[in-house]
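K.L.:
Okay, handing you the structure first.
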Amino acid sequence: MSLLTEVTRNPLDPEYREAAERRSQAGHSRRRWGPGTVAVAAIAVLLGVATTWSVLALRAPQPSALAAREVLAGQIDERSAEVERLRERSAELTDEIAAFQEQALSASDSPLLDRLAADSVASGAAAVRGEGLRITLEDAEQVAGDEDPDSRVRDSDLQIVVNGLWASGAEAIAVNGQRLATTTAIRTAGDAILVDVVPLVGPYTIEAVGDPQDLQTRLARTSGGQLLAVLQSTYGIRTQVSSQRALDLPSAATTTLRSARLPDGVEIVPGTRDPGPSGVALGSGTLAPDDAHDSEGDL
């Protein structure tokens, strides 16, 4: 007990106590802010200021870079305005061509005009309005730091659903406002899904014109309808199918006719001049079938 009492009352070793007393009697004290410490602090401040100035100088845009950026921005604005002007002009010319076709064929060949209207819808050359289905596909919710590529909508998913709608009797289809024609391709480029050359951003909305109930019933029997169920139940991709009373689908990009000729037994539309033996004359130009391609037609 005496040892415990001694340790409790005097925890400091006697030698340490004596050393502390001698230091106190001698008046020795440590200088916390000596000349060396001040010099080190000043150097640290100078280094910090120099580093900050260097970073700001490197990040500051150079006058030449600013000038080049302004030039590029101006060129982009000019080209965008020119593209918009040409797009409007193309739409005007398309309307004029349609009016001329209707005027030329309405009096002489009404069945041909009806066939042309039906083909325009099938090829995507004409805008379509009517009831139909709207299908929405949206990527599954991603966990930060743990992204699963299978939880994202792929181009193949859109392809299968679109093919299922065609097989179900859809008259016209558009994806995110991009009309699908006979030559339209749905593919991927990096992380983006392209319809022809137009990049799409999710959620992806597929609109199909046709009888809603009939389309939905038939789609459920196709691989496209089965895929929608699998995407939602297995991969967490959110899908929604709804009937719409009115859908407005724009026309697709105008295709360019490179080579064509009339099939055997088909008469030239009355009012056109004799094409001669080598081609079909339409207005002031002649389409020769063998000039560019040896085929019936190339779109």
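Ligands are numbered from 1 in the order shown, chains are lettered A, B, ... in the order of the structure tokens, and residues start at 1 in each chain.
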Please give the complete set of residues from region 193-275 of chain A that DSSP, run on the backbone, assigns to strand (DSSP E or B), formatted as a list in words.

P.N.:
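Listing strand (DSSP E or B) positions across region 193-275 of chain A yields Ile193, Leu194, Val195, Val198, Pro199, Leu200, Tyr204, Thr205, Ile206, Glu207, Ala208, Val209, Arg238, Thr239, Gln240, Val241, Ser242, Ser243, Gln244, Arg245, Ala246, Leu247, Asp248, Leu249, Ser259 and Ala260 of chain A.
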
K.L.:
Can you list, as a list in words, every protein, DNA or RNA residue that comes within 6 Å of Gly164 (chain A) when you count only C-alpha atoms, leaving out same-chain residues fewer than 2 positions away?

P.N.:
Val161, Val162, Trp166, Ala167, Leu219, Thr222 and Gly224 of chain A

K.L.:
Considering only C-alpha atoms, state which residue in the set A:Ala170, A:Ile237, A:Val71, A:Leu47 is at the smallest distance from Gln213 (chain A).

P.N.:
A:Ala170

K.L.:
List every residue of region 93-229 of chain A that DSSP, applied to the backbone of this structure, places in helix (DSSP H, G or I), and write the result as a PyMOL selection string.

P.N.:
chain A and resi 93-106+110-123+149-151+155-167+212-220+223-229

K.L.:
Could you tell me how far CA of Arg152 (chain A) lies from CA of Gln226 (chain A), in Å and to one decimal?

P.N.:
17.3 Å

K.L.:
Mind checking which residues fall within 10 Å of region 198-210 of chain A, counting only C-alpha atoms, ignoring those fewer than 4 positions away in the same chain, and posting them as a VMD selection string?

P.N.:
chain A and resid 128 to 139 152 to 153 158 161 to 162 165 to 166 168 to 179 186 to 189 191 to 194 214 to 216 238 to 249

K.L.:
Which residue gives the smallest distance to Leu231 (chain A) among A:Ser90, A:Gln103, A:Ser80, A:Ser151, with only C-alpha atoms counted?

P.N.:
A:Ser151

K.L.:
Which distance in Å separates CA of Gln75 (chain A) and CA of Glu88 (chain A), to one decimal?

P.N.:
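These two atoms are separated by 19.9 Å.
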